[in-house]
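Peer 1: Here you go, target_28.cif (mmCIF, C-alpha atoms, pLDDT in the B column; chains and numbers go by the auth columns):
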```cif
data_data
#
loop_
_atom_site.group_PDB
_atom_site.id
_atom_site.type_symbol
_atom_site.label_atom_id
_atom_site.label_comp_id
_atom_site.label_asym_id
_atom_site.label_seq_id
_atom_site.Cartn_x
_atom_site.Cartn_y
_atom_site.Cartn_z
_atom_site.B_iso_or_equiv
_atom_site.auth_seq_id
_atom_site.auth_asym_id
ATOM 1 C CA MET A 1 23.772 9.239 -10.963 53.00 181 A
ATOM 2 C CA ASP A 2 23.367 12.077 -8.481 58.00 182 A
ATOM 3 C CA ASP A 3 21.044 10.696 -5.837 85.00 183 A
ATOM 4 C CA ARG A 4 20.961 13.677 -3.455 88.00 184 A
ATOM 5 C CA ARG A 5 17.186 13.898 -3.874 90.00 185 A
ATOM 6 C CA THR A 6 16.763 10.225 -3.080 93.00 186 A
ATOM 7 C CA LYS A 7 18.926 10.552 0.027 93.00 187 A
ATOM 8 C CA ALA A 8 16.948 13.605 1.176 93.00 188 A
ATOM 9 C CA VAL A 9 13.561 11.941 0.643 94.00 189 A
ATOM 10 C CA TYR A 10 14.782 8.747 2.328 95.00 190 A
ATOM 11 C CA ALA A 11 16.041 10.752 5.317 95.00 191 A
ATOM 12 C CA ALA A 12 12.680 12.561 5.541 94.00 192 A
ATOM 13 C CA THR A 13 10.890 9.195 5.426 95.00 193 A
ATOM 14 C CA LYS A 14 12.984 7.824 8.270 96.00 194 A
ATOM 15 C CA GLN A 15 12.494 11.034 10.256 95.00 195 A
ATOM 16 C CA MET A 16 8.718 10.836 9.767 94.00 196 A
ATOM 17 C CA CYS A 17 8.694 7.246 11.029 95.00 197 A
ATOM 18 C CA ASP A 18 10.915 8.165 13.977 95.00 198 A
ATOM 19 C CA GLU A 19 8.591 11.006 14.943 94.00 199 A
ATOM 20 C CA LEU A 20 5.589 8.667 14.725 92.00 200 A
ATOM 21 C CA GLY A 21 7.379 6.130 16.933 93.00 201 A
ATOM 22 C CA VAL A 22 7.353 3.508 14.190 93.00 202 A
ATOM 23 C CA LYS A 23 9.804 0.649 14.711 95.00 203 A
ATOM 24 C CA TYR A 24 11.160 -0.200 11.275 97.00 204 A
ATOM 25 C CA ALA A 25 13.862 -2.185 9.565 98.00 205 A
ATOM 26 C CA ALA A 26 15.948 0.041 7.305 97.00 206 A
ATOM 27 C CA PHE A 27 17.875 -1.221 4.317 97.00 207 A
ATOM 28 C CA ASP A 28 19.812 1.954 3.602 96.00 208 A
ATOM 29 C CA ASP A 29 21.818 0.617 0.652 94.00 209 A
ATOM 30 C CA GLU A 30 18.502 -0.181 -1.071 95.00 210 A
ATOM 31 C CA TYR A 31 16.603 2.931 0.134 97.00 211 A
ATOM 32 C CA ARG A 32 13.980 0.631 1.631 97.00 212 A
ATOM 33 C CA MET A 33 12.144 0.391 4.946 97.00 213 A
ATOM 34 C CA GLU A 34 9.761 -2.205 6.315 98.00 214 A
ATOM 35 C CA PHE A 35 7.472 -2.224 9.335 97.00 215 A
ATOM 36 C CA THR A 36 4.095 -3.474 10.486 95.00 216 A
ATOM 37 C CA SER A 37 1.159 -1.244 11.310 91.00 217 A
ATOM 38 C CA VAL A 38 -1.797 -2.344 13.390 79.00 218 A
ATOM 39 C CA GLY A 39 -5.127 -1.681 11.705 65.00 219 A
ATOM 40 C CA GLU A 40 -8.556 -1.948 13.286 68.00 220 A
ATOM 41 C CA ASP A 41 -8.599 -5.706 12.906 70.00 221 A
ATOM 42 C CA LEU A 42 -5.464 -6.933 11.124 73.00 222 A
ATOM 43 C CA HIS A 43 -1.744 -6.166 11.118 88.00 223 A
ATOM 44 C CA ILE A 44 -0.595 -4.500 7.898 92.00 224 A
ATOM 45 C CA PRO A 45 2.962 -5.092 6.638 96.00 225 A
ATOM 46 C CA VAL A 46 4.288 -1.880 5.055 97.00 226 A
ATOM 47 C CA SER A 47 7.219 -1.437 2.699 98.00 227 A
ATOM 48 C CA ILE A 48 8.556 1.925 1.518 97.00 228 A
ATOM 49 C CA ARG A 49 11.007 1.920 -1.381 97.00 229 A
ATOM 50 C CA LEU A 50 12.698 4.675 -3.292 96.00 230 A
ATOM 51 C CA SER A 51 13.994 4.333 -6.817 94.00 231 A
ATOM 52 C CA PRO A 52 16.982 6.607 -7.500 93.00 232 A
ATOM 53 C CA GLU A 53 16.768 5.798 -11.213 92.00 233 A
ATOM 54 C CA ASN A 54 13.139 6.860 -11.560 92.00 234 A
ATOM 55 C CA ARG A 55 12.969 9.188 -8.547 93.00 235 A
ATOM 56 C CA VAL A 56 9.785 7.578 -7.329 95.00 236 A
ATOM 57 C CA LEU A 57 8.739 6.631 -3.813 96.00 237 A
ATOM 58 C CA VAL A 58 6.516 3.559 -3.543 97.00 238 A
ATOM 59 C CA MET A 59 4.518 2.650 -0.429 97.00 239 A
ATOM 60 C CA LEU A 60 3.137 -0.862 -0.354 98.00 240 A
ATOM 61 C CA CYS A 61 0.651 -2.128 2.227 97.00 241 A
ATOM 62 C CA GLU A 62 0.290 -5.887 2.050 95.00 242 A
ATOM 63 C CA CYS A 63 -3.058 -7.400 2.833 93.00 243 A
ATOM 64 C CA PRO A 64 -2.190 -9.888 5.581 89.00 244 A
ATOM 65 C CA PHE A 65 -3.733 -12.941 3.952 92.00 245 A
ATOM 66 C CA SER A 66 -3.323 -15.147 0.912 94.00 246 A
ATOM 67 C CA VAL A 67 -6.260 -15.523 -1.416 96.00 247 A
ATOM 68 C CA PRO A 68 -7.210 -19.167 -1.978 96.00 248 A
ATOM 69 C CA GLU A 69 -7.226 -20.237 -5.603 96.00 249 A
ATOM 70 C CA ARG A 70 -11.008 -20.604 -5.704 96.00 250 A
ATOM 71 C CA GLY A 71 -11.466 -16.943 -4.686 96.00 251 A
ATOM 72 C CA ARG A 72 -8.870 -15.287 -6.914 97.00 252 A
ATOM 73 C CA ASP A 73 -11.126 -14.283 -9.796 97.00 253 A
ATOM 74 C CA ASP A 74 -13.646 -12.755 -7.395 97.00 254 A
ATOM 75 C CA VAL A 75 -10.959 -10.824 -5.494 97.00 255 A
ATOM 76 C CA ALA A 76 -9.507 -9.519 -8.761 97.00 256 A
ATOM 77 C CA LEU A 77 -12.946 -8.247 -9.746 95.00 257 A
ATOM 78 C CA ALA A 78 -13.715 -6.718 -6.332 96.00 258 A
ATOM 79 C CA ALA A 79 -10.294 -5.038 -6.190 96.00 259 A
ATOM 80 C CA SER A 80 -10.849 -3.535 -9.631 94.00 260 A
ATOM 81 C CA MET A 81 -14.159 -2.095 -8.398 93.00 261 A
ATOM 82 C CA VAL A 82 -12.358 -0.427 -5.512 94.00 262 A
ATOM 83 C CA ASN A 83 -9.582 0.852 -7.796 94.00 263 A
ATOM 84 C CA PHE A 84 -12.129 2.476 -10.097 91.00 264 A
ATOM 85 C CA SER A 85 -13.393 4.608 -7.221 88.00 265 A
ATOM 86 C CA LEU A 86 -10.047 5.685 -5.734 92.00 266 A
ATOM 87 C CA ALA A 87 -8.582 9.098 -6.456 89.00 267 A
ATOM 88 C CA ASP A 88 -5.063 7.836 -5.746 94.00 268 A
ATOM 89 C CA GLY A 89 -3.352 4.491 -5.355 96.00 269 A
ATOM 90 C CA SER A 90 -4.540 1.047 -6.304 97.00 270 A
ATOM 91 C CA PHE A 91 -4.814 -2.526 -5.168 97.00 271 A
ATOM 92 C CA ASP A 92 -2.401 -4.826 -6.993 97.00 272 A
ATOM 93 C CA PHE A 93 -3.252 -8.497 -7.152 96.00 273 A
ATOM 94 C CA ASP A 94 -0.762 -11.245 -7.928 96.00 274 A
ATOM 95 C CA ARG A 95 -3.146 -13.910 -9.146 94.00 275 A
ATOM 96 C CA LEU A 96 -0.494 -16.644 -9.293 95.00 276 A
ATOM 97 C CA ARG A 97 0.537 -16.245 -5.628 96.00 277 A
ATOM 98 C CA GLY A 98 -2.791 -14.995 -4.306 97.00 278 A
ATOM 99 C CA ARG A 99 -1.194 -11.867 -2.819 97.00 279 A
ATOM 100 C CA LEU A 100 -3.012 -8.529 -2.593 97.00 280 A
ATOM 101 C CA ARG A 101 -1.485 -5.179 -1.718 97.00 281 A
ATOM 102 C CA PHE A 102 -2.318 -1.498 -1.838 98.00 282 A
ATOM 103 C CA ARG A 103 0.205 0.721 -3.633 98.00 283 A
ATOM 104 C CA VAL A 104 0.577 4.477 -3.601 97.00 284 A
ATOM 105 C CA THR A 105 3.444 6.303 -5.323 96.00 285 A
ATOM 106 C CA SER A 106 4.838 9.781 -5.657 94.00 286 A
ATOM 107 C CA GLY A 107 7.580 11.113 -7.872 92.00 287 A
ATOM 108 C CA TYR A 108 10.271 13.450 -6.618 90.00 288 A
ATOM 109 C CA TYR A 109 12.026 14.213 -9.884 84.00 289 A
ATOM 110 C CA ASP A 110 11.702 18.006 -9.755 80.00 290 A
ATOM 111 C CA SER A 111 10.959 18.463 -6.061 80.00 291 A
ATOM 112 C CA LEU A 112 11.417 16.847 -2.684 81.00 292 A
ATOM 113 C CA LEU A 113 8.806 15.074 -0.631 84.00 293 A
ATOM 114 C CA GLY A 114 8.649 16.430 2.894 85.00 294 A
ATOM 115 C CA LYS A 115 7.586 14.716 6.097 86.00 295 A
ATOM 116 C CA GLU A 116 4.061 16.121 5.867 89.00 296 A
ATOM 117 C CA ALA A 117 3.484 14.759 2.373 90.00 297 A
ATOM 118 C CA LEU A 118 4.995 11.426 3.370 92.00 298 A
ATOM 119 C CA TYR A 119 2.798 11.262 6.461 93.00 299 A
ATOM 120 C CA ARG A 120 -0.311 11.933 4.369 94.00 300 A
ATOM 121 C CA MET A 121 0.689 9.232 1.884 94.00 301 A
ATOM 122 C CA LEU A 122 1.229 6.731 4.672 95.00 302 A
ATOM 123 C CA ALA A 123 -1.991 7.634 6.470 94.00 303 A
ATOM 124 C CA TYR A 124 -3.966 7.357 3.223 95.00 304 A
ATOM 125 C CA ALA A 125 -2.412 4.001 2.303 95.00 305 A
ATOM 126 C CA LEU A 126 -3.135 2.572 5.746 94.00 306 A
ATOM 127 C CA VAL A 127 -6.713 3.877 5.856 93.00 307 A
ATOM 128 C CA ILE A 128 -7.566 2.431 2.441 94.00 308 A
ATOM 129 C CA THR A 129 -5.883 -0.906 3.202 93.00 309 A
ATOM 130 C CA ASP A 130 -7.577 -1.149 6.584 90.00 310 A
ATOM 131 C CA GLU A 131 -10.949 -0.172 5.137 90.00 311 A
ATOM 132 C CA TYR A 132 -10.959 -2.806 2.415 92.00 312 A
ATOM 133 C CA ASN A 133 -8.720 -5.711 3.483 91.00 313 A
ATOM 134 C CA ASP A 134 -11.357 -7.425 5.622 91.00 314 A
ATOM 135 C CA LYS A 135 -14.023 -6.997 2.938 93.00 315 A
ATOM 136 C CA LEU A 136 -11.701 -8.373 0.252 95.00 316 A
ATOM 137 C CA PHE A 137 -10.790 -11.222 2.618 95.00 317 A
ATOM 138 C CA ASP A 138 -14.500 -12.052 2.919 96.00 318 A
ATOM 139 C CA VAL A 139 -14.714 -12.116 -0.883 97.00 319 A
ATOM 140 C CA ALA A 140 -11.623 -14.357 -1.008 96.00 320 A
ATOM 141 C CA LEU A 141 -13.241 -16.861 1.342 96.00 321 A
ATOM 142 C CA GLY A 142 -16.625 -16.747 -0.388 95.00 322 A
ATOM 143 C CA ARG A 143 -18.352 -15.196 2.643 96.00 323 A
ATOM 144 C CA LEU A 144 -19.193 -12.172 0.487 96.00 324 A
ATOM 145 C CA THR A 145 -20.093 -12.450 -3.187 96.00 325 A
ATOM 146 C CA VAL A 146 -18.840 -9.936 -5.715 95.00 326 A
ATOM 147 C CA SER A 147 -22.439 -8.917 -6.398 94.00 327 A
ATOM 148 C CA ARG A 148 -23.071 -8.275 -2.711 93.00 328 A
ATOM 149 C CA PHE A 149 -19.728 -6.456 -2.450 93.00 329 A
ATOM 150 C CA ALA A 150 -20.837 -4.158 -5.274 91.00 330 A
ATOM 151 C CA GLU A 151 -24.195 -3.530 -3.561 89.00 331 A
ATOM 152 C CA LEU A 152 -22.714 -2.865 -0.123 84.00 332 A
ATOM 153 C CA PHE A 153 -19.898 -0.657 -1.279 75.00 333 A
ATOM 154 C CA GLY A 154 -21.458 1.125 -4.239 72.00 334 A
ATOM 155 C CA ASN A 155 -19.404 -0.806 -6.754 60.00 335 A
ATOM 156 C CA GLY A 156 -16.309 -0.174 -4.612 56.00 336 A
ATOM 157 C CA ARG A 157 -17.021 3.475 -3.781 60.00 337 A
ATOM 158 C CA ARG A 158 -16.305 4.608 -0.253 55.00 338 A
#
```
With the file now loaded, output its structure as structure tokens.

Peer 2:
Amino acid sequence: MDDRRTKAVYAATKQMCDELGVKYAAFDDEYRMEFTSVGEDLHIPVSIRLSPENRVLVMLCECPFSVPERGRDDVALAASMVNFSLADGSFDFDRLRGRLRFRVTSGYYDSLLGKEALYRMLAYALVITDEYNDKLFDVALGRLTVSRFAELFGNGRR
């Protein structure tokens, strides 16, 4: 497979991170990068992966906590409320492991993604993760009920 597009988008991603002063681990043979961003209150692990087969870039922002078993149904419901209101991206919840992450993707099949588009994707992913991770953490711990979450955040709307 000709992966010139993947190599170009991966190079642009690394260049964007370099220009932002982001210290990252690069796994060039896998077209993957990992780093940690500091949000307002929590550190956010970030992973950027490119798929040469599908020509898709995936940015994943992990919520830096595990959801206890007793809070998993509530977090799944609250995350779905947020997802319903988002124009782009979504929270993914692994109910078995109690892991929550925000995912945003962009295809580059017929065009390349430049640094500006990549920067906007990253900024958006970090803002959404930072905005909701503490609220979803409160739901996970039972400090915030799903009903109250819906009231406070307009059923997940920003």

Peer 1: Give me the result of the PyMOL selection byres ((chain A and resi 216-227) around 12) on this file, residue by residue, as a VMD selection string.

Peer 2: chain A and resid 193 197 200 to 207 210 to 215 228 to 230 237 to 245 280 to 285 302 to 303 305 to 315 317

Peer 1: State, in Å with one decimal place, the distance from atom CA of Glu331 of chain A to atom CA of Gly251 of chain A.

Peer 2: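 Spanning atom CA of Glu331 of chain A to atom CA of Gly251 of chain A is a straight-line distance of 18.5 Å.
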
Peer 1: Give as a list of chain:residue names each residue that has an atom at most 9 Å from (19.0, 14.4, -4.5) in the file, counting all atoms listed in the file.

Peer 2: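 So the residues meeting the distance criterion are A:Asp182, A:Asp183, A:Arg184, A:Arg185, A:Thr186, A:Lys187, A:Ala188, A:Val189, A:Pro232, A:Arg235, A:Tyr289, A:Leu292.
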
Peer 1: Suppose we keep C-alpha atoms; can you now write the selection as a PDB file, keeping the file's coordinate frame?

Peer 2:
```pdb
ATOM      1  CA  ASP A 182      23.367  12.077  -8.481  1.00 58.00           C
ATOM      2  CA  ASP A 183      21.044  10.696  -5.837  1.00 85.00           C
ATOM      3  CA  ARG A 184      20.961  13.677  -3.455  1.00 88.00           C
ATOM      4  CA  ARG A 185      17.186  13.898  -3.874  1.00 90.00           C
ATOM      5  CA  THR A 186      16.763  10.225  -3.080  1.00 93.00           C
ATOM      6  CA  LYS A 187      18.926  10.552   0.027  1.00 93.00           C
ATOM      7  CA  ALA A 188      16.948  13.605   1.176  1.00 93.00           C
ATOM      8  CA  VAL A 189      13.561  11.941   0.643  1.00 94.00           C
ATOM      9  CA  PRO A 232      16.982   6.607  -7.500  1.00 93.00           C
ATOM     10  CA  ARG A 235      12.969   9.188  -8.547  1.00 93.00           C
ATOM     11  CA  TYR A 289      12.026  14.213  -9.884  1.00 84.00           C
ATOM     12  CA  LEU A 292      11.417  16.847  -2.684  1.00 81.00           C
TER      13      LEU A 292
END
```

Peer 1: With distances taken over all atoms listed in the file, which residue among A:Asp318, A:Asp253, A:Asp268, A:Glu199 lies nearest Met301 of chain A?

Peer 2: A:Asp268

Peer 1: Counting all atoms listed in the file, which of A:Val255, A:Leu324, A:Ala330, A:Val319 gets nearest to Arg279 of chain A?

Peer 2: A:Val255

Peer 1: So what do you get for atom CA of Asp290 of chain A versus atom CA of Met196 of chain A, distance-wise?

Peer 2: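 Going from atom CA of Asp290 of chain A over to atom CA of Met196 of chain A, I get 21.0 Å.
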
Peer 1: So that I can check the surroundings of Leu321 of chain A, please list as a VMD selection string every protein, DNA and RNA residue that reaches within 10 Å of it, counting all atoms listed in the file and ignoring chain neighbours fewer than 5 positions away.

Peer 2: chain A and resid 247 to 252 254 to 255 316

Peer 1: Counting all atoms listed in the file, which residues sit no farther than 9 Å from the position (-12.5, -1.3, -3.6) in the file's frame? I'd like them as a VMD selection string.

Peer 2: chain A and resid 258 to 266 270 to 271 308 311 to 312 315 to 316 329 to 330 333 335 to 338

Peer 1: What's the separation between atom CA of Ser246 of chain A and atom CA of Gly278 of chain A, in Å to one decimal place?

Peer 2: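 Going from atom CA of Ser246 of chain A over to atom CA of Gly278 of chain A, I get 5.2 Å.
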
Peer 1: Generate the coordinates of N, CA, C and O atoms for segment 242-259 of chain A; report them as a PDB file, in the frame of the given file.

Peer 2:
```pdb
ATOM      1  N   GLU A 242       0.711  -4.521   2.378  1.00 95.00           N
ATOM      2  CA  GLU A 242       0.290  -5.887   2.050  1.00 95.00           C
ATOM      3  C   GLU A 242      -0.981  -6.239   2.808  1.00 95.00           C
ATOM      4  O   GLU A 242      -1.085  -5.963   4.003  1.00 95.00           O
ATOM      5  N   CYS A 243      -1.909  -6.841   2.132  1.00 93.00           N
ATOM      6  CA  CYS A 243      -3.058  -7.400   2.833  1.00 93.00           C
ATOM      7  C   CYS A 243      -2.551  -8.671   3.513  1.00 93.00           C
ATOM      8  O   CYS A 243      -1.891  -9.492   2.876  1.00 93.00           O
ATOM      9  N   PRO A 244      -2.820  -8.815   4.800  1.00 89.00           N
ATOM     10  CA  PRO A 244      -2.190  -9.888   5.581  1.00 89.00           C
ATOM     11  C   PRO A 244      -2.878 -11.247   5.440  1.00 89.00           C
ATOM     12  O   PRO A 244      -3.179 -11.910   6.429  1.00 89.00           O
ATOM     13  N   PHE A 245      -3.135 -11.634   4.213  1.00 92.00           N
ATOM     14  CA  PHE A 245      -3.733 -12.941   3.952  1.00 92.00           C
ATOM     15  C   PHE A 245      -3.408 -13.337   2.519  1.00 92.00           C
ATOM     16  O   PHE A 245      -3.095 -12.497   1.686  1.00 92.00           O
ATOM     17  N   SER A 246      -3.458 -14.628   2.274  1.00 94.00           N
ATOM     18  CA  SER A 246      -3.323 -15.147   0.912  1.00 94.00           C
ATOM     19  C   SER A 246      -4.718 -15.513   0.419  1.00 94.00           C
ATOM     20  O   SER A 246      -5.522 -16.057   1.169  1.00 94.00           O
ATOM     21  N   VAL A 247      -4.956 -15.228  -0.824  1.00 96.00           N
ATOM     22  CA  VAL A 247      -6.260 -15.523  -1.416  1.00 96.00           C
ATOM     23  C   VAL A 247      -6.228 -16.962  -1.943  1.00 96.00           C
ATOM     24  O   VAL A 247      -5.371 -17.303  -2.761  1.00 96.00           O
ATOM     25  N   PRO A 248      -7.160 -17.798  -1.463  1.00 96.00           N
ATOM     26  CA  PRO A 248      -7.210 -19.167  -1.978  1.00 96.00           C
ATOM     27  C   PRO A 248      -7.513 -19.162  -3.479  1.00 96.00           C
ATOM     28  O   PRO A 248      -8.168 -18.254  -3.981  1.00 96.00           O
ATOM     29  N   GLU A 249      -7.050 -20.180  -4.148  1.00 96.00           N
ATOM     30  CA  GLU A 249      -7.226 -20.237  -5.603  1.00 96.00           C
ATOM     31  C   GLU A 249      -8.678 -20.067  -6.034  1.00 96.00           C
ATOM     32  O   GLU A 249      -8.967 -19.350  -6.988  1.00 96.00           O
ATOM     33  N   ARG A 250      -9.594 -20.661  -5.312  1.00 96.00           N
ATOM     34  CA  ARG A 250     -11.008 -20.604  -5.704  1.00 96.00           C
ATOM     35  C   ARG A 250     -11.595 -19.194  -5.606  1.00 96.00           C
ATOM     36  O   ARG A 250     -12.600 -18.905  -6.228  1.00 96.00           O
ATOM     37  N   GLY A 251     -10.947 -18.296  -4.849  1.00 96.00           N
ATOM     38  CA  GLY A 251     -11.466 -16.943  -4.686  1.00 96.00           C
ATOM     39  C   GLY A 251     -10.730 -15.875  -5.472  1.00 96.00           C
ATOM     40  O   GLY A 251     -11.059 -14.696  -5.401  1.00 96.00           O
ATOM     41  N   ARG A 252      -9.740 -16.270  -6.255  1.00 97.00           N
ATOM     42  CA  ARG A 252      -8.870 -15.287  -6.914  1.00 97.00           C
ATOM     43  C   ARG A 252      -9.573 -14.456  -7.985  1.00 97.00           C
ATOM     44  O   ARG A 252      -9.342 -13.257  -8.086  1.00 97.00           O
ATOM     45  N   ASP A 253     -10.416 -15.061  -8.772  1.00 97.00           N
ATOM     46  CA  ASP A 253     -11.126 -14.283  -9.796  1.00 97.00           C
ATOM     47  C   ASP A 253     -12.054 -13.258  -9.142  1.00 97.00           C
ATOM     48  O   ASP A 253     -12.136 -12.111  -9.588  1.00 97.00           O
ATOM     49  N   ASP A 254     -12.734 -13.670  -8.085  1.00 97.00           N
ATOM     50  CA  ASP A 254     -13.646 -12.755  -7.395  1.00 97.00           C
ATOM     51  C   ASP A 254     -12.892 -11.601  -6.740  1.00 97.00           C
ATOM     52  O   ASP A 254     -13.339 -10.451  -6.797  1.00 97.00           O
ATOM     53  N   VAL A 255     -11.759 -11.886  -6.119  1.00 97.00           N
ATOM     54  CA  VAL A 255     -10.959 -10.824  -5.494  1.00 97.00           C
ATOM     55  C   VAL A 255     -10.432  -9.863  -6.555  1.00 97.00           C
ATOM     56  O   VAL A 255     -10.440  -8.649  -6.354  1.00 97.00           O
ATOM     57  N   ALA A 256      -9.994 -10.394  -7.678  1.00 97.00           N
ATOM     58  CA  ALA A 256      -9.507  -9.519  -8.761  1.00 97.00           C
ATOM     59  C   ALA A 256     -10.613  -8.568  -9.206  1.00 97.00           C
ATOM     60  O   ALA A 256     -10.371  -7.372  -9.414  1.00 97.00           O
ATOM     61  N   LEU A 257     -11.810  -9.071  -9.331  1.00 95.00           N
ATOM     62  CA  LEU A 257     -12.946  -8.247  -9.746  1.00 95.00           C
ATOM     63  C   LEU A 257     -13.304  -7.216  -8.672  1.00 95.00           C
ATOM     64  O   LEU A 257     -13.487  -6.031  -8.968  1.00 95.00           O
ATOM     65  N   ALA A 258     -13.383  -7.644  -7.421  1.00 96.00           N
ATOM     66  CA  ALA A 258     -13.715  -6.718  -6.332  1.00 96.00           C
ATOM     67  C   ALA A 258     -12.642  -5.640  -6.186  1.00 96.00           C
ATOM     68  O   ALA A 258     -12.957  -4.456  -5.995  1.00 96.00           O
ATOM     69  N   ALA A 259     -11.377  -6.020  -6.291  1.00 96.00           N
ATOM     70  CA  ALA A 259     -10.294  -5.038  -6.190  1.00 96.00           C
ATOM     71  C   ALA A 259     -10.361  -4.024  -7.330  1.00 96.00           C
ATOM     72  O   ALA A 259     -10.123  -2.827  -7.120  1.00 96.00           O
TER      73      ALA A 259
END
```
